[in-house]
Structures are given as C-alpha cells and as structure tokens.
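**Q** Next up is a structure, given as structure tokens.
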Amino acid sequence: MYLILAAFSYVPAMLPQTSGVCRIHSVNQAALSMTSAFELENPYIEEMKLTARRIARQGFGILATDESIPTAGKRLASIGVDNELENRRAFRELLYTAPDLNKYISGVIMFDETLYQSTADGVRFVRLLRERGIDVGIKVDTGLQPLFGTDGETATQGLDGLRPRCKAYRAEGATFAKWRAGLKGGDGV
C-alpha cells in the first residue's frame, strides 16, 4: 500500500506531496464515502475524474503503443522492416490514422519518443488523436531491472525524475499515465 500511495503523490506534476490519510464523509447503511488527502488537496481531481470517465467509457478500449525502441524493433522485424526512427513513426501513424479508430478507442498510451512525433503531413500525433476525441497517455516507468540476489525478480525503474517528466508530458498534451510493474509468480505462490 505504501508504494501505491507514494506513486500517486509523485505523478501529478504540480501537486504538493500528500499522505495517505482518508477522511470519512458519511456512513449509512447503503454506502460508505471516503476522501483521501490526495483528493482533498489536489486541484486537478475533477479533471482527473473526467479523464478517467472518458477513457473507461463502455464499449471503448485503450490502444497501447508504448513499446520501447527494442520492442518496437521486434515488431517491425516480424514484417521485414528495419528498426529506424522513421519506420517506427510511420507504423504509429498507420495506427493513429486508422478509419473509425475513435469509434472503438478512447485512449492511446505512447512511448516518450512518440509523444513528440507528427504525421508525414506535419500534424502532431497528440493533436491528431485529441481532435478525434481520443485521450493521450504516456508510459512513465523506465523499464524493469533485475533484482540482485533473486531468481529472476525485477523492479520497475523510473521514480527518479518522475515529477519533471510528468510535467513535461502534460505540457505536450498527455492526460493520463501508465506505470507498469512486473511480478514473477513461482512455486508455492
């Protein structure tokens, strides 16, 4: 629980860091309502809730195009294409300009490189997607690293510098973020 609360206190670019204290608003037989310090002190909470509603709306999905350069290279190699910047850009343009994409996709998660790219016509990908009613998200972790002394366990990297990266991504038009953590299950788990 501590790691989740710590991550939330760093993600919003402009927020003061908060504790995980919750305040109980009302208790009745039908529902229990609580608000965390994060919600109470967050000037962006309403915008965050609206973004969550848009990307989680029924019948829509999130398109993950946040492959790292090596992973994108594997995808391109499977179709006989070299892993070059222009080829990665063109592949993502093909995805983002697909007819009727906005009828099925509510959000797109991008990799850092892609957030700053444009179509061949010079239209920024962020603008293209936003004009189609699709929210733009960004992968904010910086990958997995092996943990010394374990049997292949990994730890997600990226807390260092997360706050300024989120601020920069927000300025570029990202409205949500993705943080991944890989967990390894073994015998007896």
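Residues are named by chain letter and number: chains run A, B, ... in the order of the structure tokens, numbers start at 1 in each chain, and ligands are numbered from 1 in the order shown.
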Could you please write out, as a PDB file with all heavy atoms, in the first residue's frame, every residue of segment 71-153 of chain A that DSSP assigns to helix (DSSP H, G or I)?
**A**
ATOM      1  N   THR A  71      11.631  -3.162 -28.357  1.00  0.00           N
ATOM      2  CA  THR A  71      10.403  -3.941 -28.559  1.00  0.00           C
ATOM      3  C   THR A  71       9.734  -3.565 -29.878  1.00  0.00           C
ATOM      4  O   THR A  71       9.262  -4.437 -30.612  1.00  0.00           O
ATOM      5  CB  THR A  71       9.433  -3.745 -27.379  1.00  0.00           C
ATOM      6  OG1 THR A  71      10.092  -4.131 -26.173  1.00  0.00           O
ATOM      7  CG2 THR A  71       8.171  -4.572 -27.554  1.00  0.00           C
ATOM      8  N   ALA A  72       9.713  -2.285 -30.195  1.00  0.00           N
ATOM      9  CA  ALA A  72       9.170  -1.854 -31.487  1.00  0.00           C
ATOM     10  C   ALA A  72       9.977  -2.486 -32.616  1.00  0.00           C
ATOM     11  O   ALA A  72       9.411  -2.898 -33.641  1.00  0.00           O
ATOM     12  CB  ALA A  72       9.188  -0.330 -31.591  1.00  0.00           C
ATOM     13  N   GLY A  73      11.280  -2.592 -32.411  1.00  0.00           N
ATOM     14  CA  GLY A  73      12.134  -3.216 -33.413  1.00  0.00           C
ATOM     15  C   GLY A  73      11.766  -4.668 -33.668  1.00  0.00           C
ATOM     16  O   GLY A  73      11.785  -5.133 -34.812  1.00  0.00           O
ATOM     17  N   LYS A  74      11.400  -5.386 -32.621  1.00  0.00           N
ATOM     18  CA  LYS A  74      10.971  -6.786 -32.788  1.00  0.00           C
ATOM     19  C   LYS A  74       9.686  -6.859 -33.608  1.00  0.00           C
ATOM     20  O   LYS A  74       9.542  -7.724 -34.467  1.00  0.00           O
ATOM     21  CB  LYS A  74      10.759  -7.437 -31.419  1.00  0.00           C
ATOM     22  CG  LYS A  74      12.033  -7.656 -30.652  1.00  0.00           C
ATOM     23  CD  LYS A  74      11.737  -8.191 -29.262  1.00  0.00           C
ATOM     24  CE  LYS A  74      12.999  -8.213 -28.416  1.00  0.00           C
ATOM     25  NZ  LYS A  74      12.717  -8.563 -27.021  1.00  0.00           N
ATOM     26  N   ARG A  75       8.767  -5.951 -33.357  1.00  0.00           N
ATOM     27  CA  ARG A  75       7.506  -5.931 -34.113  1.00  0.00           C
ATOM     28  C   ARG A  75       7.775  -5.630 -35.590  1.00  0.00           C
ATOM     29  O   ARG A  75       7.211  -6.263 -36.476  1.00  0.00           O
ATOM     30  CB  ARG A  75       6.545  -4.904 -33.543  1.00  0.00           C
ATOM     31  CG  ARG A  75       6.148  -5.180 -32.114  1.00  0.00           C
ATOM     32  CD  ARG A  75       4.763  -4.702 -31.804  1.00  0.00           C
ATOM     33  NE  ARG A  75       4.443  -4.693 -30.398  1.00  0.00           N
ATOM     34  CZ  ARG A  75       4.420  -5.744 -29.595  1.00  0.00           C
ATOM     35  NH1 ARG A  75       4.751  -6.916 -30.045  1.00  0.00           N
ATOM     36  NH2 ARG A  75       4.100  -5.626 -28.324  1.00  0.00           N
ATOM     37  N   LEU A  76       8.626  -4.639 -35.833  1.00  0.00           N
ATOM     38  CA  LEU A  76       8.944  -4.279 -37.218  1.00  0.00           C
ATOM     39  C   LEU A  76       9.709  -5.405 -37.918  1.00  0.00           C
ATOM     40  O   LEU A  76       9.451  -5.696 -39.090  1.00  0.00           O
ATOM     41  CB  LEU A  76       9.730  -2.970 -37.254  1.00  0.00           C
ATOM     42  CG  LEU A  76       8.963  -1.718 -36.810  1.00  0.00           C
ATOM     43  CD1 LEU A  76       9.903  -0.521 -36.714  1.00  0.00           C
ATOM     44  CD2 LEU A  76       7.800  -1.425 -37.737  1.00  0.00           C
ATOM     45  N   ALA A  77      10.622  -6.048 -37.207  1.00  0.00           N
ATOM     46  CA  ALA A  77      11.405  -7.144 -37.800  1.00  0.00           C
ATOM     47  C   ALA A  77      10.490  -8.288 -38.226  1.00  0.00           C
ATOM     48  O   ALA A  77      10.756  -8.951 -39.234  1.00  0.00           O
ATOM     49  CB  ALA A  77      12.446  -7.639 -36.806  1.00  0.00           C
ATOM     50  N   LEU A  85      13.937   5.226 -36.751  1.00  0.00           N
ATOM     51  CA  LEU A  85      13.005   6.228 -36.248  1.00  0.00           C
ATOM     52  C   LEU A  85      11.850   6.475 -37.212  1.00  0.00           C
ATOM     53  O   LEU A  85      10.682   6.460 -36.814  1.00  0.00           O
ATOM     54  CB  LEU A  85      13.749   7.542 -35.966  1.00  0.00           C
ATOM     55  CG  LEU A  85      12.894   8.716 -35.480  1.00  0.00           C
ATOM     56  CD1 LEU A  85      12.287   8.404 -34.121  1.00  0.00           C
ATOM     57  CD2 LEU A  85      13.735   9.979 -35.404  1.00  0.00           C
ATOM     58  N   GLU A  86      12.142   6.684 -38.472  1.00  0.00           N
ATOM     59  CA  GLU A  86      11.092   6.976 -39.453  1.00  0.00           C
ATOM     60  C   GLU A  86      10.135   5.802 -39.617  1.00  0.00           C
ATOM     61  O   GLU A  86       8.923   5.999 -39.769  1.00  0.00           O
ATOM     62  CB  GLU A  86      11.689   7.374 -40.805  1.00  0.00           C
ATOM     63  CG  GLU A  86      10.659   7.585 -41.896  1.00  0.00           C
ATOM     64  CD  GLU A  86       9.546   8.598 -41.557  1.00  0.00           C
ATOM     65  OE1 GLU A  86       9.756   9.482 -40.688  1.00  0.00           O
ATOM     66  OE2 GLU A  86       8.461   8.509 -42.166  1.00  0.00           O
ATOM     67  N   ASN A  87      10.635   4.593 -39.567  1.00  0.00           N
ATOM     68  CA  ASN A  87       9.759   3.422 -39.684  1.00  0.00           C
ATOM     69  C   ASN A  87       8.851   3.281 -38.463  1.00  0.00           C
ATOM     70  O   ASN A  87       7.678   2.923 -38.602  1.00  0.00           O
ATOM     71  CB  ASN A  87      10.575   2.149 -39.894  1.00  0.00           C
ATOM     72  CG  ASN A  87      11.239   2.119 -41.254  1.00  0.00           C
ATOM     73  OD1 ASN A  87      10.824   2.810 -42.183  1.00  0.00           O
ATOM     74  ND2 ASN A  87      12.299   1.333 -41.374  1.00  0.00           N
ATOM     75  N   ARG A  88       9.392   3.545 -37.280  1.00  0.00           N
ATOM     76  CA  ARG A  88       8.556   3.500 -36.070  1.00  0.00           C
ATOM     77  C   ARG A  88       7.479   4.577 -36.144  1.00  0.00           C
ATOM     78  O   ARG A  88       6.319   4.348 -35.818  1.00  0.00           O
ATOM     79  CB  ARG A  88       9.415   3.670 -34.810  1.00  0.00           C
ATOM     80  CG  ARG A  88      10.331   2.493 -34.537  1.00  0.00           C
ATOM     81  CD  ARG A  88      10.994   2.576 -33.171  1.00  0.00           C
ATOM     82  NE  ARG A  88      11.780   3.785 -32.948  1.00  0.00           N
ATOM     83  CZ  ARG A  88      13.054   3.939 -33.286  1.00  0.00           C
ATOM     84  NH1 ARG A  88      13.721   2.946 -33.875  1.00  0.00           N
ATOM     85  NH2 ARG A  88      13.686   5.071 -33.021  1.00  0.00           N
ATOM     86  N   ARG A  89       7.851   5.786 -36.583  1.00  0.00           N
ATOM     87  CA  ARG A  89       6.901   6.882 -36.720  1.00  0.00           C
ATOM     88  C   ARG A  89       5.805   6.521 -37.718  1.00  0.00           C
ATOM     89  O   ARG A  89       4.618   6.698 -37.459  1.00  0.00           O
ATOM     90  CB  ARG A  89       7.624   8.158 -37.151  1.00  0.00           C
ATOM     91  CG  ARG A  89       6.729   9.405 -37.100  1.00  0.00           C
ATOM     92  CD  ARG A  89       7.109  10.425 -38.159  1.00  0.00           C
ATOM     93  NE  ARG A  89       7.012   9.906 -39.508  1.00  0.00           N
ATOM     94  CZ  ARG A  89       5.860   9.721 -40.185  1.00  0.00           C
ATOM     95  NH1 ARG A  89       4.705   9.985 -39.623  1.00  0.00           N
ATOM     96  NH2 ARG A  89       5.874   9.250 -41.420  1.00  0.00           N
ATOM     97  N   ALA A  90       6.198   5.999 -38.873  1.00  0.00           N
ATOM     98  CA  ALA A  90       5.232   5.646 -39.916  1.00  0.00           C
ATOM     99  C   ALA A  90       4.284   4.538 -39.449  1.00  0.00           C
ATOM    100  O   ALA A  90       3.082   4.576 -39.739  1.00  0.00           O
ATOM    101  CB  ALA A  90       5.966   5.217 -41.187  1.00  0.00           C
ATOM    102  N   PHE A  91       4.806   3.565 -38.709  1.00  0.00           N
ATOM    103  CA  PHE A  91       3.965   2.485 -38.188  1.00  0.00           C
ATOM    104  C   PHE A  91       2.916   3.049 -37.228  1.00  0.00           C
ATOM    105  O   PHE A  91       1.736   2.702 -37.306  1.00  0.00           O
ATOM    106  CB  PHE A  91       4.830   1.433 -37.480  1.00  0.00           C
ATOM    107  CG  PHE A  91       4.029   0.333 -36.852  1.00  0.00           C
ATOM    108  CD1 PHE A  91       3.398  -0.625 -37.630  1.00  0.00           C
ATOM    109  CD2 PHE A  91       3.903   0.254 -35.475  1.00  0.00           C
ATOM    110  CE1 PHE A  91       2.652  -1.645 -37.049  1.00  0.00           C
ATOM    111  CE2 PHE A  91       3.159  -0.757 -34.884  1.00  0.00           C
ATOM    112  CZ  PHE A  91       2.530  -1.710 -35.672  1.00  0.00           C
ATOM    113  N   ARG A  92       3.334   3.948 -36.356  1.00  0.00           N
ATOM    114  CA  ARG A  92       2.379   4.531 -35.399  1.00  0.00           C
ATOM    115  C   ARG A  92       1.384   5.441 -36.115  1.00  0.00           C
ATOM    116  O   ARG A  92       0.217   5.496 -35.745  1.00  0.00           O
ATOM    117  CB  ARG A  92       3.139   5.225 -34.284  1.00  0.00           C
ATOM    118  CG  ARG A  92       3.819   4.171 -33.407  1.00  0.00           C
ATOM    119  CD  ARG A  92       4.554   4.733 -32.247  1.00  0.00           C
ATOM    120  NE  ARG A  92       5.051   3.662 -31.393  1.00  0.00           N
ATOM    121  CZ  ARG A  92       6.317   3.546 -31.012  1.00  0.00           C
ATOM    122  NH1 ARG A  92       7.216   4.425 -31.402  1.00  0.00           N
ATOM    123  NH2 ARG A  92       6.693   2.555 -30.230  1.00  0.00           N
ATOM    124  N   GLU A  93       1.827   6.143 -37.141  1.00  0.00           N
ATOM    125  CA  GLU A  93       0.889   6.949 -37.927  1.00  0.00           C
ATOM    126  C   GLU A  93      -0.182   6.063 -38.550  1.00  0.00           C
ATOM    127  O   GLU A  93      -1.366   6.422 -38.565  1.00  0.00           O
ATOM    128  CB  GLU A  93       1.613   7.736 -39.019  1.00  0.00           C
ATOM    129  CG  GLU A  93       0.657   8.568 -39.856  1.00  0.00           C
ATOM    130  CD  GLU A  93       1.342   9.457 -40.882  1.00  0.00           C
ATOM    131  OE1 GLU A  93       2.584   9.587 -40.873  1.00  0.00           O
ATOM    132  OE2 GLU A  93       0.607  10.041 -41.714  1.00  0.00           O
ATOM    133  N   LEU A  94       0.216   4.911 -39.048  1.00  0.00           N
ATOM    134  CA  LEU A  94      -0.736   3.964 -39.622  1.00  0.00           C
ATOM    135  C   LEU A  94      -1.804   3.584 -38.592  1.00  0.00           C
ATOM    136  O   LEU A  94      -2.999   3.547 -38.902  1.00  0.00           O
ATOM    137  CB  LEU A  94       0.009   2.711 -40.099  1.00  0.00           C
ATOM    138  CG  LEU A  94      -0.820   1.616 -40.743  1.00  0.00           C
ATOM    139  CD1 LEU A  94      -1.361   2.083 -42.093  1.00  0.00           C
ATOM    140  CD2 LEU A  94       0.031   0.360 -40.924  1.00  0.00           C
ATOM    141  N   LEU A  95      -1.382   3.349 -37.362  1.00  0.00           N
ATOM    142  CA  LEU A  95      -2.337   3.005 -36.296  1.00  0.00           C
ATOM    143  C   LEU A  95      -3.253   4.182 -35.967  1.00  0.00           C
ATOM    144  O   LEU A  95      -4.476   4.030 -35.876  1.00  0.00           O
ATOM    145  CB  LEU A  95      -1.589   2.577 -35.032  1.00  0.00           C
ATOM    146  CG  LEU A  95      -0.759   1.301 -35.107  1.00  0.00           C
ATOM    147  CD1 LEU A  95       0.064   1.134 -33.834  1.00  0.00           C
ATOM    148  CD2 LEU A  95      -1.655   0.096 -35.338  1.00  0.00           C
ATOM    149  N   TYR A  96      -2.674   5.359 -35.778  1.00  0.00           N
ATOM    150  CA  TYR A  96      -3.434   6.523 -35.315  1.00  0.00           C
ATOM    151  C   TYR A  96      -4.380   7.086 -36.363  1.00  0.00           C
ATOM    152  O   TYR A  96      -5.324   7.798 -36.024  1.00  0.00           O
ATOM    153  CB  TYR A  96      -2.492   7.634 -34.846  1.00  0.00           C
ATOM    154  CG  TYR A  96      -1.546   7.231 -33.734  1.00  0.00           C
ATOM    155  CD1 TYR A  96      -0.362   7.914 -33.534  1.00  0.00           C
ATOM    156  CD2 TYR A  96      -1.829   6.167 -32.876  1.00  0.00           C
ATOM    157  CE1 TYR A  96       0.515   7.567 -32.530  1.00  0.00           C
ATOM    158  CE2 TYR A  96      -0.954   5.807 -31.868  1.00  0.00           C
ATOM    159  CZ  TYR A  96       0.214   6.522 -31.697  1.00  0.00           C
ATOM    160  OH  TYR A  96       1.078   6.171 -30.703  1.00  0.00           O
ATOM    161  N   LEU A 101     -11.087   4.733 -35.903  1.00  0.00           N
ATOM    162  CA  LEU A 101     -10.380   4.413 -34.662  1.00  0.00           C
ATOM    163  C   LEU A 101     -11.127   4.973 -33.452  1.00  0.00           C
ATOM    164  O   LEU A 101     -11.263   4.306 -32.427  1.00  0.00           O
ATOM    165  CB  LEU A 101      -8.951   4.972 -34.698  1.00  0.00           C
ATOM    166  CG  LEU A 101      -8.074   4.684 -33.482  1.00  0.00           C
ATOM    167  CD1 LEU A 101      -7.687   3.203 -33.453  1.00  0.00           C
ATOM    168  CD2 LEU A 101      -6.818   5.550 -33.509  1.00  0.00           C
ATOM    169  N   ASN A 102     -11.631   6.187 -33.593  1.00  0.00           N
ATOM    170  CA  ASN A 102     -12.318   6.848 -32.482  1.00  0.00           C
ATOM    171  C   ASN A 102     -13.668   6.221 -32.128  1.00  0.00           C
ATOM    172  O   ASN A 102     -14.260   6.574 -31.121  1.00  0.00           O
ATOM    173  CB  ASN A 102     -12.484   8.339 -32.760  1.00  0.00           C
ATOM    174  CG  ASN A 102     -13.234   8.607 -34.048  1.00  0.00           C
ATOM    175  OD1 ASN A 102     -13.052   7.900 -35.039  1.00  0.00           O
ATOM    176  ND2 ASN A 102     -14.066   9.621 -34.037  1.00  0.00           N
ATOM    177  N   LYS A 103     -14.147   5.282 -32.927  1.00  0.00           N
ATOM    178  CA  LYS A 103     -15.386   4.572 -32.586  1.00  0.00           C
ATOM    179  C   LYS A 103     -15.128   3.437 -31.595  1.00  0.00           C
ATOM    180  O   LYS A 103     -16.067   2.881 -31.041  1.00  0.00           O
ATOM    181  CB  LYS A 103     -16.046   4.001 -33.843  1.00  0.00           C
ATOM    182  CG  LYS A 103     -16.632   5.059 -34.747  1.00  0.00           C
ATOM    183  CD  LYS A 103     -17.330   4.401 -35.921  1.00  0.00           C
ATOM    184  CE  LYS A 103     -17.947   5.437 -36.846  1.00  0.00           C
ATOM    185  NZ  LYS A 103     -18.601   4.788 -38.004  1.00  0.00           N
ATOM    186  N   ASP A 112       7.754   7.679 -24.907  1.00  0.00           N
ATOM    187  CA  ASP A 112       8.321   9.030 -24.904  1.00  0.00           C
ATOM    188  C   ASP A 112       8.611   9.547 -26.312  1.00  0.00           C
ATOM    189  O   ASP A 112       8.222  10.657 -26.665  1.00  0.00           O
ATOM    190  CB  ASP A 112       9.602   9.027 -24.058  1.00  0.00           C
ATOM    191  CG  ASP A 112      10.257  10.379 -23.981  1.00  0.00           C
ATOM    192  OD1 ASP A 112       9.912  11.145 -23.069  1.00  0.00           O
ATOM    193  OD2 ASP A 112      11.115  10.674 -24.849  1.00  0.00           O
ATOM    194  N   GLU A 113       9.260   8.750 -27.123  1.00  0.00           N
ATOM    195  CA  GLU A 113       9.627   9.146 -28.489  1.00  0.00           C
ATOM    196  C   GLU A 113       8.402   9.577 -29.298  1.00  0.00           C
ATOM    197  O   GLU A 113       8.432  10.563 -30.027  1.00  0.00           O
ATOM    198  CB  GLU A 113      10.320   7.951 -29.154  1.00  0.00           C
ATOM    199  CG  GLU A 113      10.478   8.019 -30.641  1.00  0.00           C
ATOM    200  CD  GLU A 113      11.135   6.768 -31.202  1.00  0.00           C
ATOM    201  OE1 GLU A 113      12.374   6.757 -31.287  1.00  0.00           O
ATOM    202  OE2 GLU A 113      10.409   5.809 -31.555  1.00  0.00           O
ATOM    203  N   THR A 114       7.320   8.837 -29.161  1.00  0.00           N
ATOM    204  CA  THR A 114       6.125   9.031 -29.980  1.00  0.00           C
ATOM    205  C   THR A 114       5.364  10.300 -29.607  1.00  0.00           C
ATOM    206  O   THR A 114       4.751  10.935 -30.465  1.00  0.00           O
ATOM    207  CB  THR A 114       5.197   7.811 -29.855  1.00  0.00           C
ATOM    208  OG1 THR A 114       5.985   6.631 -29.963  1.00  0.00           O
ATOM    209  CG2 THR A 114       4.137   7.811 -30.918  1.00  0.00           C
ATOM    210  N   LEU A 115       5.400  10.680 -28.333  1.00  0.00           N
ATOM    211  CA  LEU A 115       4.668  11.858 -27.873  1.00  0.00           C
ATOM    212  C   LEU A 115       5.064  13.118 -28.646  1.00  0.00           C
ATOM    213  O   LEU A 115       4.258  14.021 -28.834  1.00  0.00           O
ATOM    214  CB  LEU A 115       4.908  12.066 -26.371  1.00  0.00           C
ATOM    215  CG  LEU A 115       4.079  13.148 -25.693  1.00  0.00           C
ATOM    216  CD1 LEU A 115       2.608  12.736 -25.631  1.00  0.00           C
ATOM    217  CD2 LEU A 115       4.614  13.409 -24.299  1.00  0.00           C
ATOM    218  N   PHE A 125       0.972  13.940 -33.489  1.00  0.00           N
ATOM    219  CA  PHE A 125       0.134  12.792 -33.134  1.00  0.00           C
ATOM    220  C   PHE A 125      -0.843  13.137 -32.012  1.00  0.00           C
ATOM    221  O   PHE A 125      -2.004  12.747 -32.045  1.00  0.00           O
ATOM    222  CB  PHE A 125       0.986  11.598 -32.708  1.00  0.00           C
ATOM    223  CG  PHE A 125       1.678  10.878 -33.829  1.00  0.00           C
ATOM    224  CD1 PHE A 125       2.836  10.168 -33.590  1.00  0.00           C
ATOM    225  CD2 PHE A 125       1.178  10.888 -35.128  1.00  0.00           C
ATOM    226  CE1 PHE A 125       3.488   9.472 -34.603  1.00  0.00           C
ATOM    227  CE2 PHE A 125       1.812  10.200 -36.155  1.00  0.00           C
ATOM    228  CZ  PHE A 125       2.976   9.494 -35.888  1.00  0.00           C
ATOM    229  N   VAL A 126      -0.359  13.884 -31.020  1.00  0.00           N
ATOM    230  CA  VAL A 126      -1.223  14.264 -29.897  1.00  0.00           C
ATOM    231  C   VAL A 126      -2.423  15.048 -30.408  1.00  0.00           C
ATOM    232  O   VAL A 126      -3.569  14.768 -30.045  1.00  0.00           O
ATOM    233  CB  VAL A 126      -0.438  15.083 -28.846  1.00  0.00           C
ATOM    234  CG1 VAL A 126      -1.368  15.652 -27.788  1.00  0.00           C
ATOM    235  CG2 VAL A 126       0.647  14.218 -28.204  1.00  0.00           C
ATOM    236  N   ARG A 127      -2.190  16.016 -31.268  1.00  0.00           N
ATOM    237  CA  ARG A 127      -3.282  16.834 -31.817  1.00  0.00           C
ATOM    238  C   ARG A 127      -4.240  15.973 -32.646  1.00  0.00           C
ATOM    239  O   ARG A 127      -5.460  16.088 -32.524  1.00  0.00           O
ATOM    240  CB  ARG A 127      -2.707  17.959 -32.664  1.00  0.00           C
ATOM    241  CG  ARG A 127      -3.762  18.841 -33.283  1.00  0.00           C
ATOM    242  CD  ARG A 127      -3.152  19.999 -34.028  1.00  0.00           C
ATOM    243  NE  ARG A 127      -4.124  20.522 -34.962  1.00  0.00           N
ATOM    244  CZ  ARG A 127      -3.819  21.086 -36.100  1.00  0.00           C
ATOM    245  NH1 ARG A 127      -2.569  21.228 -36.461  1.00  0.00           N
ATOM    246  NH2 ARG A 127      -4.768  21.527 -36.888  1.00  0.00           N
ATOM    247  N   LEU A 128      -3.694  15.124 -33.500  1.00  0.00           N
ATOM    248  CA  LEU A 128      -4.494  14.243 -34.344  1.00  0.00           C
ATOM    249  C   LEU A 128      -5.454  13.406 -33.496  1.00  0.00           C
ATOM    250  O   LEU A 128      -6.654  13.329 -33.779  1.00  0.00           O
ATOM    251  CB  LEU A 128      -3.577  13.323 -35.149  1.00  0.00           C
ATOM    252  CG  LEU A 128      -4.246  12.209 -35.946  1.00  0.00           C
ATOM    253  CD1 LEU A 128      -4.850  12.769 -37.224  1.00  0.00           C
ATOM    254  CD2 LEU A 128      -3.245  11.112 -36.264  1.00  0.00           C
ATOM    255  N   LEU A 129      -4.925  12.804 -32.452  1.00  0.00           N
ATOM    256  CA  LEU A 129      -5.751  11.944 -31.591  1.00  0.00           C
ATOM    257  C   LEU A 129      -6.762  12.754 -30.802  1.00  0.00           C
ATOM    258  O   LEU A 129      -7.936  12.372 -30.702  1.00  0.00           O
ATOM    259  CB  LEU A 129      -4.857  11.114 -30.675  1.00  0.00           C
ATOM    260  CG  LEU A 129      -4.020  10.061 -31.404  1.00  0.00           C
ATOM    261  CD1 LEU A 129      -2.904   9.539 -30.515  1.00  0.00           C
ATOM    262  CD2 LEU A 129      -4.896   8.930 -31.910  1.00  0.00           C
ATOM    263  N   ARG A 130      -6.343  13.863 -30.235  1.00  0.00           N
ATOM    264  CA  ARG A 130      -7.256  14.696 -29.445  1.00  0.00           C
ATOM    265  C   ARG A 130      -8.418  15.202 -30.309  1.00  0.00           C
ATOM    266  O   ARG A 130      -9.558  15.255 -29.860  1.00  0.00           O
ATOM    267  CB  ARG A 130      -6.511  15.884 -28.816  1.00  0.00           C
ATOM    268  CG  ARG A 130      -5.383  15.522 -27.871  1.00  0.00           C
ATOM    269  CD  ARG A 130      -5.772  15.090 -26.489  1.00  0.00           C
ATOM    270  NE  ARG A 130      -6.514  16.033 -25.719  1.00  0.00           N
ATOM    271  CZ  ARG A 130      -6.003  16.908 -24.868  1.00  0.00           C
ATOM    272  NH1 ARG A 130      -4.714  16.985 -24.680  1.00  0.00           N
ATOM    273  NH2 ARG A 130      -6.791  17.716 -24.201  1.00  0.00           N
ATOM    274  N   GLU A 131      -8.119  15.580 -31.568  1.00  0.00           N
ATOM    275  CA  GLU A 131      -9.182  16.041 -32.471  1.00  0.00           C
ATOM    276  C   GLU A 131     -10.172  14.931 -32.793  1.00  0.00           C
ATOM    277  O   GLU A 131     -11.308  15.203 -33.175  1.00  0.00           O
ATOM    278  CB  GLU A 131      -8.574  16.615 -33.758  1.00  0.00           C
ATOM    279  CG  GLU A 131      -7.935  17.968 -33.555  1.00  0.00           C
ATOM    280  CD  GLU A 131      -7.239  18.504 -34.794  1.00  0.00           C
ATOM    281  OE1 GLU A 131      -7.107  17.767 -35.810  1.00  0.00           O
ATOM    282  OE2 GLU A 131      -6.797  19.678 -34.746  1.00  0.00           O
TER     283      GLU A 131
END
**Q** Do you have the atom CA of Gly107 of chain A-atom CA of Arg54 of chain A distance handy?
**A**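 Atom CA of Gly107 of chain A sits 8.3 Å away from atom CA of Arg54 of chain A.
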**Q** Output as a PyMOL selection string all residues of segment 3-183 of chain A that backbone DSSP marks as strand (DSSP E or B).
**A** chain A and resi 22-27+32-36+61-65+105-110+118+124+135-139+144-146+154-156+176-178
**Q** Quick one: of A:Tyr44, A:Thr142, A:Asn83, A:Ile105, who's nearest to Gln58 of chain A, counting only C-alpha atoms?
**A**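 Residue with the minimum atom-to-atom distance to Gln58 of chain A: A:Ile105.
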**Q** For Thr175 of chain A, which of A:Met48, A:Ala56, A:Ala37, A:Leu147 is the closest residue, counting only C-alpha atoms?
**A**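 Nearest to Thr175 of chain A: A:Met48.
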**Q** For Leu63 of chain A, which of A:Val140, A:Met110, A:Gly158, A:Glu153 is the closest residue, counting only C-alpha atoms?
**A**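 Under the stated criterion, the closest residue is A:Met110.
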**Q** Can you tell me, as a list in words, what residues are no more than 7 Å from Phe111 of chain A when counting only C-alpha atoms, ignoring any on the same chain fewer than 5 positions away?
**A**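 Answer for this query is Thr65, Asp66, Glu67, Ser68, Ile138 and Lys139 of chain A.
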**Q** Create the file for the chosen residues now, containing N, CA, C and O atoms and written as an mmCIF file, in the first residue's frame.
**A**
data_model
loop_
_atom_site.group_PDB
_atom_site.id
_atom_site.type_symbol
_atom_site.label_atom_id
_atom_site.label_comp_id
_atom_site.auth_asym_id
_atom_site.auth_seq_id
_atom_site.Cartn_x
_atom_site.Cartn_y
_atom_site.Cartn_z
ATOM 1 N N THR A 65 0.504 1.708 -27.475
ATOM 2 C CA THR A 65 1.555 1.838 -28.494
ATOM 3 C C THR A 65 2.825 2.353 -27.825
ATOM 4 O O THR A 65 3.555 3.160 -28.407
ATOM 5 N N ASP A 66 3.058 1.881 -26.621
ATOM 6 C CA ASP A 66 4.160 2.396 -25.806
ATOM 7 C C ASP A 66 5.372 1.475 -25.793
ATOM 8 O O ASP A 66 6.165 1.487 -24.852
ATOM 9 N N GLU A 67 5.550 0.718 -26.874
ATOM 10 C CA GLU A 67 6.703 -0.167 -26.937
ATOM 11 C C GLU A 67 8.002 0.639 -26.909
ATOM 12 O O GLU A 67 8.104 1.660 -27.563
ATOM 13 N N SER A 68 8.973 0.111 -26.192
ATOM 14 C CA SER A 68 10.306 0.711 -26.197
ATOM 15 C C SER A 68 10.907 0.537 -27.593
ATOM 16 O O SER A 68 10.387 -0.220 -28.416
ATOM 17 N N ILE A 138 0.808 8.395 -21.513
ATOM 18 C CA ILE A 138 2.241 8.201 -21.672
ATOM 19 C C ILE A 138 2.741 7.169 -20.675
ATOM 20 O O ILE A 138 2.306 7.140 -19.535
ATOM 21 N N LYS A 139 3.626 6.323 -21.142
ATOM 22 C CA LYS A 139 4.292 5.364 -20.253
ATOM 23 C C LYS A 139 5.332 6.136 -19.461
ATOM 24 O O LYS A 139 6.203 6.788 -20.051
#
